[in-house]
Each structure stands twice: as structure tokens, then as C-alpha cells.
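Asker: Take a look at the following structure, please.
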Amino acid sequence: MLALLERPQDWRYGYELMVLTGIASGTLYPMLIRLCDQGNLEAQWVPSPHESRPPRHAYRLTPSGIALARTIESDDVRAANDGKGFAI
């Protein structure tokens with residue numbers, strides 16, 4: 001969610017999120033689906049810029065997703081300052 005929070009109004013592809021976060025597709029895509037189901041993320045099909053390739057899913061945060069991501073970001077900053085956090 002923090003990777004999406006960097007540009008919350010922009011549509012981001014799953015592959016781009018994999019590269020940014022280092023999360024494997026088998027973990028990332030189920031997370032994205034759950035976030036969509038919970039109303040924190042919206043998804044849409046985007047035509048591929050390459051004629052022979054299928055459309056791709058793009059994702060962006062909803063207003064409730066932005067609020068949740070900001071809460072997570074704030075909690076991570078506090079945890080890092082306490083020396084008890086983990087890298088995201």
C-alpha cells in the first residue's frame with residue numbers, strides 16, 4: 001500500500017508494484033485482490049500498449065485505501081523510531 005501511496009491517483013500495474021516492492025507475484029496478486037474486495041483498492045483492465053499482448057490490470061488506492069495507507073505509514077514511522085519496526 002505504501003508503494004501506491006507515493007502516487008495515489010495514478011493507476012499502477014501489478015508488475016510495476018512487484019518491482020517496487022520486491023514482493024513475488026504469488027503473494028502480491030492475492031493481496032491486491034483482497035484489498036480490492038475490502039474497498040481499499042480499485043482495479044481496471046487497461047489495454048496493452050503492445051498490439052499482440054492481452055490487457056493488464058491496473059490498480060490505485062480508493063479514498064479509504066489512502067487513509068489506511070497513511071495510518072500504516074504513520075505506524076511504521078513510529079515503530080522505526082522505537083527501533084522495533086521492520087523495513088517496508
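Naming works like this for the C-alpha cells: A, B, ... for the chains as they're shown, residue 1 at the start of each chain, ligands 1 onward in shown order.
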When DSSP is applied to the backbone of this structure, which of chain A are assigned alpha helix (DSSP H)? Write them out as JSON, numbers by chain.

Answerer: {"A": [2, 3, 4, 5, 14, 15, 16, 17, 18, 19, 20, 21, 25, 26, 27, 28, 29, 30, 31, 32, 33, 34, 35, 36, 37, 63, 64, 65, 66, 67, 68, 69, 70, 71, 72, 73, 74, 75, 76, 77, 78, 79, 80, 81, 82]}

Asker: Next, the residues of the selection above should be written as a tab-separated table (two decimals), in the first residue's frame with N, CA and C atoms.

Answerer:
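File written: out10.tsv
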```
chain	number	residue	atom	x	y	z
A	2	LEU	N	2.01	1.17	0.65
A	2	LEU	CA	2.86	2.35	0.70
A	2	LEU	C	3.42	2.70	-0.68
A	3	ALA	N	3.67	1.69	-1.50
A	3	ALA	CA	4.15	1.96	-2.87
A	3	ALA	C	3.07	2.69	-3.66
A	4	LEU	N	1.81	2.33	-3.45
A	4	LEU	CA	0.71	3.02	-4.13
A	4	LEU	C	0.49	4.41	-3.57
A	5	LEU	N	0.80	4.60	-2.30
A	5	LEU	CA	0.60	5.91	-1.65
A	5	LEU	C	1.53	6.97	-2.22
A	14	GLY	N	0.46	-4.34	-11.84
A	14	GLY	CA	0.95	-5.32	-10.88
A	14	GLY	C	2.44	-5.56	-11.02
A	15	TYR	N	2.92	-5.65	-12.26
A	15	TYR	CA	4.36	-5.89	-12.45
A	15	TYR	C	5.19	-4.74	-11.89
A	16	GLU	N	4.72	-3.52	-12.09
A	16	GLU	CA	5.42	-2.35	-11.55
A	16	GLU	C	5.47	-2.43	-10.02
A	17	LEU	N	4.37	-2.85	-9.42
A	17	LEU	CA	4.34	-2.99	-7.96
A	17	LEU	C	5.27	-4.10	-7.48
A	18	MET	N	5.37	-5.18	-8.26
A	18	MET	CA	6.31	-6.26	-7.91
A	18	MET	C	7.73	-5.73	-7.90
A	19	VAL	N	8.10	-4.95	-8.89
A	19	VAL	CA	9.45	-4.40	-8.98
A	19	VAL	C	9.71	-3.43	-7.83
A	20	LEU	N	8.75	-2.56	-7.55
A	20	LEU	CA	8.92	-1.56	-6.50
A	20	LEU	C	9.04	-2.18	-5.11
A	21	THR	N	8.25	-3.23	-4.86
A	21	THR	CA	8.19	-3.78	-3.51
A	21	THR	C	9.06	-5.01	-3.30
A	25	SER	N	4.88	-12.41	-7.27
A	25	SER	CA	3.53	-12.34	-7.83
A	25	SER	C	2.55	-13.23	-7.07
A	26	GLY	N	2.99	-14.39	-6.63
A	26	GLY	CA	2.13	-15.31	-5.90
A	26	GLY	C	1.66	-14.77	-4.56
A	27	THR	N	2.37	-13.78	-4.04
A	27	THR	CA	1.98	-13.11	-2.80
A	27	THR	C	1.27	-11.80	-3.10
A	28	LEU	N	1.79	-11.05	-4.08
A	28	LEU	CA	1.27	-9.72	-4.38
A	28	LEU	C	-0.16	-9.76	-4.91
A	29	TYR	N	-0.42	-10.59	-5.90
A	29	TYR	CA	-1.75	-10.56	-6.53
A	29	TYR	C	-2.87	-10.96	-5.57
A	30	PRO	N	-2.70	-11.97	-4.72
A	30	PRO	CA	-3.75	-12.23	-3.72
A	30	PRO	C	-3.96	-11.04	-2.77
A	31	MET	N	-2.88	-10.34	-2.42
A	31	MET	CA	-3.02	-9.16	-1.57
A	31	MET	C	-3.82	-8.08	-2.30
A	32	LEU	N	-3.50	-7.86	-3.58
A	32	LEU	CA	-4.23	-6.85	-4.36
A	32	LEU	C	-5.71	-7.20	-4.46
A	33	ILE	N	-6.02	-8.46	-4.67
A	33	ILE	CA	-7.42	-8.90	-4.76
A	33	ILE	C	-8.14	-8.65	-3.44
A	34	ARG	N	-7.49	-8.99	-2.32
A	34	ARG	CA	-8.12	-8.76	-1.01
A	34	ARG	C	-8.35	-7.28	-0.76
A	35	LEU	N	-7.36	-6.45	-1.12
A	35	LEU	CA	-7.52	-5.00	-0.94
A	35	LEU	C	-8.67	-4.46	-1.78
A	36	CYS	N	-8.85	-5.01	-2.98
A	36	CYS	CA	-9.99	-4.62	-3.82
A	36	CYS	C	-11.30	-5.05	-3.17
A	37	ASP	N	-11.34	-6.29	-2.70
A	37	ASP	CA	-12.55	-6.82	-2.05
A	37	ASP	C	-12.93	-6.02	-0.81
A	63	PRO	N	-10.26	6.31	-1.71
A	63	PRO	CA	-10.09	7.21	-0.56
A	63	PRO	C	-9.89	6.47	0.77
A	64	SER	N	-10.64	5.38	0.98
A	64	SER	CA	-10.44	4.63	2.23
A	64	SER	C	-9.08	3.93	2.23
A	65	GLY	N	-8.59	3.52	1.06
A	65	GLY	CA	-7.26	2.92	0.96
A	65	GLY	C	-6.17	3.92	1.25
A	66	ILE	N	-6.36	5.16	0.80
A	66	ILE	CA	-5.38	6.21	1.09
A	66	ILE	C	-5.30	6.45	2.60
A	67	ALA	N	-6.46	6.52	3.25
A	67	ALA	CA	-6.49	6.73	4.70
A	67	ALA	C	-5.80	5.57	5.43
A	68	LEU	N	-6.08	4.34	5.00
A	68	LEU	CA	-5.46	3.17	5.63
A	68	LEU	C	-3.94	3.18	5.40
A	69	ALA	N	-3.50	3.49	4.19
A	69	ALA	CA	-2.07	3.53	3.88
A	69	ALA	C	-1.36	4.60	4.71
A	70	ARG	N	-2.01	5.73	4.91
A	70	ARG	CA	-1.41	6.79	5.73
A	70	ARG	C	-1.30	6.34	7.19
A	71	THR	N	-2.27	5.58	7.66
A	71	THR	CA	-2.21	5.03	9.02
A	71	THR	C	-1.04	4.06	9.14
A	72	ILE	N	-0.89	3.20	8.14
A	72	ILE	CA	0.21	2.23	8.13
A	72	ILE	C	1.54	2.97	8.09
A	73	GLU	N	1.62	3.98	7.24
A	73	GLU	CA	2.86	4.76	7.11
A	73	GLU	C	3.19	5.42	8.44
A	74	SER	N	2.22	5.99	9.10
A	74	SER	CA	2.43	6.65	10.39
A	74	SER	C	2.88	5.64	11.45
A	75	ASP	N	2.24	4.47	11.46
A	75	ASP	CA	2.63	3.42	12.41
A	75	ASP	C	4.05	2.95	12.16
A	76	ASP	N	4.45	2.83	10.88
A	76	ASP	CA	5.80	2.38	10.55
A	76	ASP	C	6.84	3.39	10.97
A	77	VAL	N	6.53	4.68	10.83
A	77	VAL	CA	7.47	5.71	11.23
A	77	VAL	C	7.66	5.65	12.74
A	78	ARG	N	6.56	5.51	13.48
A	78	ARG	CA	6.66	5.40	14.94
A	78	ARG	C	7.44	4.16	15.35
A	79	ALA	N	7.17	3.03	14.71
A	79	ALA	CA	7.86	1.78	15.04
A	79	ALA	C	9.34	1.88	14.73
A	80	ALA	N	9.69	2.52	13.62
A	80	ALA	CA	11.10	2.67	13.25
A	80	ALA	C	11.82	3.55	14.26
A	81	ASN	N	11.14	4.57	14.74
A	81	ASN	CA	11.75	5.45	15.73
A	81	ASN	C	11.94	4.74	17.07
A	82	ASP	N	11.13	3.73	17.34
A	82	ASP	CA	11.28	2.94	18.55
A	82	ASP	C	12.32	1.85	18.42
```

Asker: Residues of chain A classed as strand (DSSP E) by DSSP on the backbone are to be reported as a list in words.

Answerer: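 Matching residues for strand (DSSP E) in chain A are Arg12, Tyr13, Leu41, Glu42, Ala43, Gln44, Trp45, Val46, Arg56, His57, Ala58, Tyr59, Arg60 and Leu61 of chain A.
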
Asker: Could you write out that same residue set with N, CA, C and O atoms as a PDB file, in the first residue's frame?

Answerer:
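Everything below was put into part-v5.pdb:
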```
ATOM      1  N   ARG A  12      -1.424   1.892 -11.362  1.00  0.00           N
ATOM      2  CA  ARG A  12      -0.147   1.185 -11.358  1.00  0.00           C
ATOM      3  C   ARG A  12      -0.380  -0.268 -11.733  1.00  0.00           C
ATOM      4  O   ARG A  12      -1.327  -0.898 -11.263  1.00  0.00           O
ATOM      5  N   TYR A  13       0.484  -0.808 -12.568  1.00  0.00           N
ATOM      6  CA  TYR A  13       0.393  -2.211 -12.976  1.00  0.00           C
ATOM      7  C   TYR A  13       0.968  -3.126 -11.900  1.00  0.00           C
ATOM      8  O   TYR A  13       1.882  -2.736 -11.165  1.00  0.00           O
ATOM      9  N   LEU A  41      -8.801  -0.605  -2.624  1.00  0.00           N
ATOM     10  CA  LEU A  41      -8.100  -0.544  -3.903  1.00  0.00           C
ATOM     11  C   LEU A  41      -9.132  -0.718  -5.003  1.00  0.00           C
ATOM     12  O   LEU A  41     -10.112  -1.442  -4.827  1.00  0.00           O
ATOM     13  N   GLU A  42      -8.927  -0.039  -6.105  1.00  0.00           N
ATOM     14  CA  GLU A  42      -9.766  -0.280  -7.274  1.00  0.00           C
ATOM     15  C   GLU A  42      -8.882  -0.794  -8.399  1.00  0.00           C
ATOM     16  O   GLU A  42      -7.694  -0.493  -8.447  1.00  0.00           O
ATOM     17  N   ALA A  43      -9.493  -1.585  -9.264  1.00  0.00           N
ATOM     18  CA  ALA A  43      -8.749  -2.188 -10.378  1.00  0.00           C
ATOM     19  C   ALA A  43      -9.519  -1.951 -11.668  1.00  0.00           C
ATOM     20  O   ALA A  43     -10.753  -1.850 -11.662  1.00  0.00           O
ATOM     21  N   GLN A  44      -8.790  -1.863 -12.743  1.00  0.00           N
ATOM     22  CA  GLN A  44      -9.412  -1.764 -14.064  1.00  0.00           C
ATOM     23  C   GLN A  44      -8.518  -2.441 -15.088  1.00  0.00           C
ATOM     24  O   GLN A  44      -7.307  -2.534 -14.902  1.00  0.00           O
ATOM     25  N   TRP A  45      -9.142  -2.936 -16.144  1.00  0.00           N
ATOM     26  CA  TRP A  45      -8.389  -3.517 -17.249  1.00  0.00           C
ATOM     27  C   TRP A  45      -7.908  -2.384 -18.143  1.00  0.00           C
ATOM     28  O   TRP A  45      -8.668  -1.482 -18.473  1.00  0.00           O
ATOM     29  N   VAL A  46      -6.636  -2.428 -18.509  1.00  0.00           N
ATOM     30  CA  VAL A  46      -6.029  -1.414 -19.371  1.00  0.00           C
ATOM     31  C   VAL A  46      -5.471  -2.128 -20.601  1.00  0.00           C
ATOM     32  O   VAL A  46      -4.734  -3.110 -20.451  1.00  0.00           O
ATOM     33  N   ARG A  56      -4.029  -5.553 -19.322  1.00  0.00           N
ATOM     34  CA  ARG A  56      -3.455  -5.784 -17.996  1.00  0.00           C
ATOM     35  C   ARG A  56      -4.307  -5.080 -16.945  1.00  0.00           C
ATOM     36  O   ARG A  56      -4.979  -4.102 -17.245  1.00  0.00           O
ATOM     37  N   HIS A  57      -4.234  -5.583 -15.729  1.00  0.00           N
ATOM     38  CA  HIS A  57      -4.903  -4.931 -14.615  1.00  0.00           C
ATOM     39  C   HIS A  57      -4.044  -3.770 -14.120  1.00  0.00           C
ATOM     40  O   HIS A  57      -2.821  -3.886 -14.006  1.00  0.00           O
ATOM     41  N   ALA A  58      -4.693  -2.675 -13.816  1.00  0.00           N
ATOM     42  CA  ALA A  58      -4.031  -1.543 -13.174  1.00  0.00           C
ATOM     43  C   ALA A  58      -4.774  -1.285 -11.863  1.00  0.00           C
ATOM     44  O   ALA A  58      -5.979  -1.538 -11.754  1.00  0.00           O
ATOM     45  N   TYR A  59      -4.052  -0.789 -10.887  1.00  0.00           N
ATOM     46  CA  TYR A  59      -4.597  -0.613  -9.546  1.00  0.00           C
ATOM     47  C   TYR A  59      -4.307   0.792  -9.038  1.00  0.00           C
ATOM     48  O   TYR A  59      -3.291   1.395  -9.381  1.00  0.00           O
ATOM     49  N   ARG A  60      -5.216   1.294  -8.181  1.00  0.00           N
ATOM     50  CA  ARG A  60      -4.947   2.524  -7.442  1.00  0.00           C
ATOM     51  C   ARG A  60      -5.760   2.513  -6.162  1.00  0.00           C
ATOM     52  O   ARG A  60      -6.769   1.800  -6.041  1.00  0.00           O
ATOM     53  N   LEU A  61      -5.318   3.310  -5.215  1.00  0.00           N
ATOM     54  CA  LEU A  61      -5.975   3.374  -3.920  1.00  0.00           C
ATOM     55  C   LEU A  61      -7.304   4.123  -4.017  1.00  0.00           C
ATOM     56  O   LEU A  61      -7.413   5.102  -4.752  1.00  0.00           O
TER      57      LEU A  61
END
```

Asker: Could you tell me how far CA of Ile23 (chain A) sits from CA of Met1 (chain A), in Å to one decimal place?

Answerer: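 Rounded to one decimal, the two atoms are 11.9 Å apart.
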
Asker: Just how far from CA of Pro47 (chain A) is CA of Gln9 (chain A), in Å to one decimal?

Answerer: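 Rounded to one decimal, the two atoms are 18.7 Å apart.
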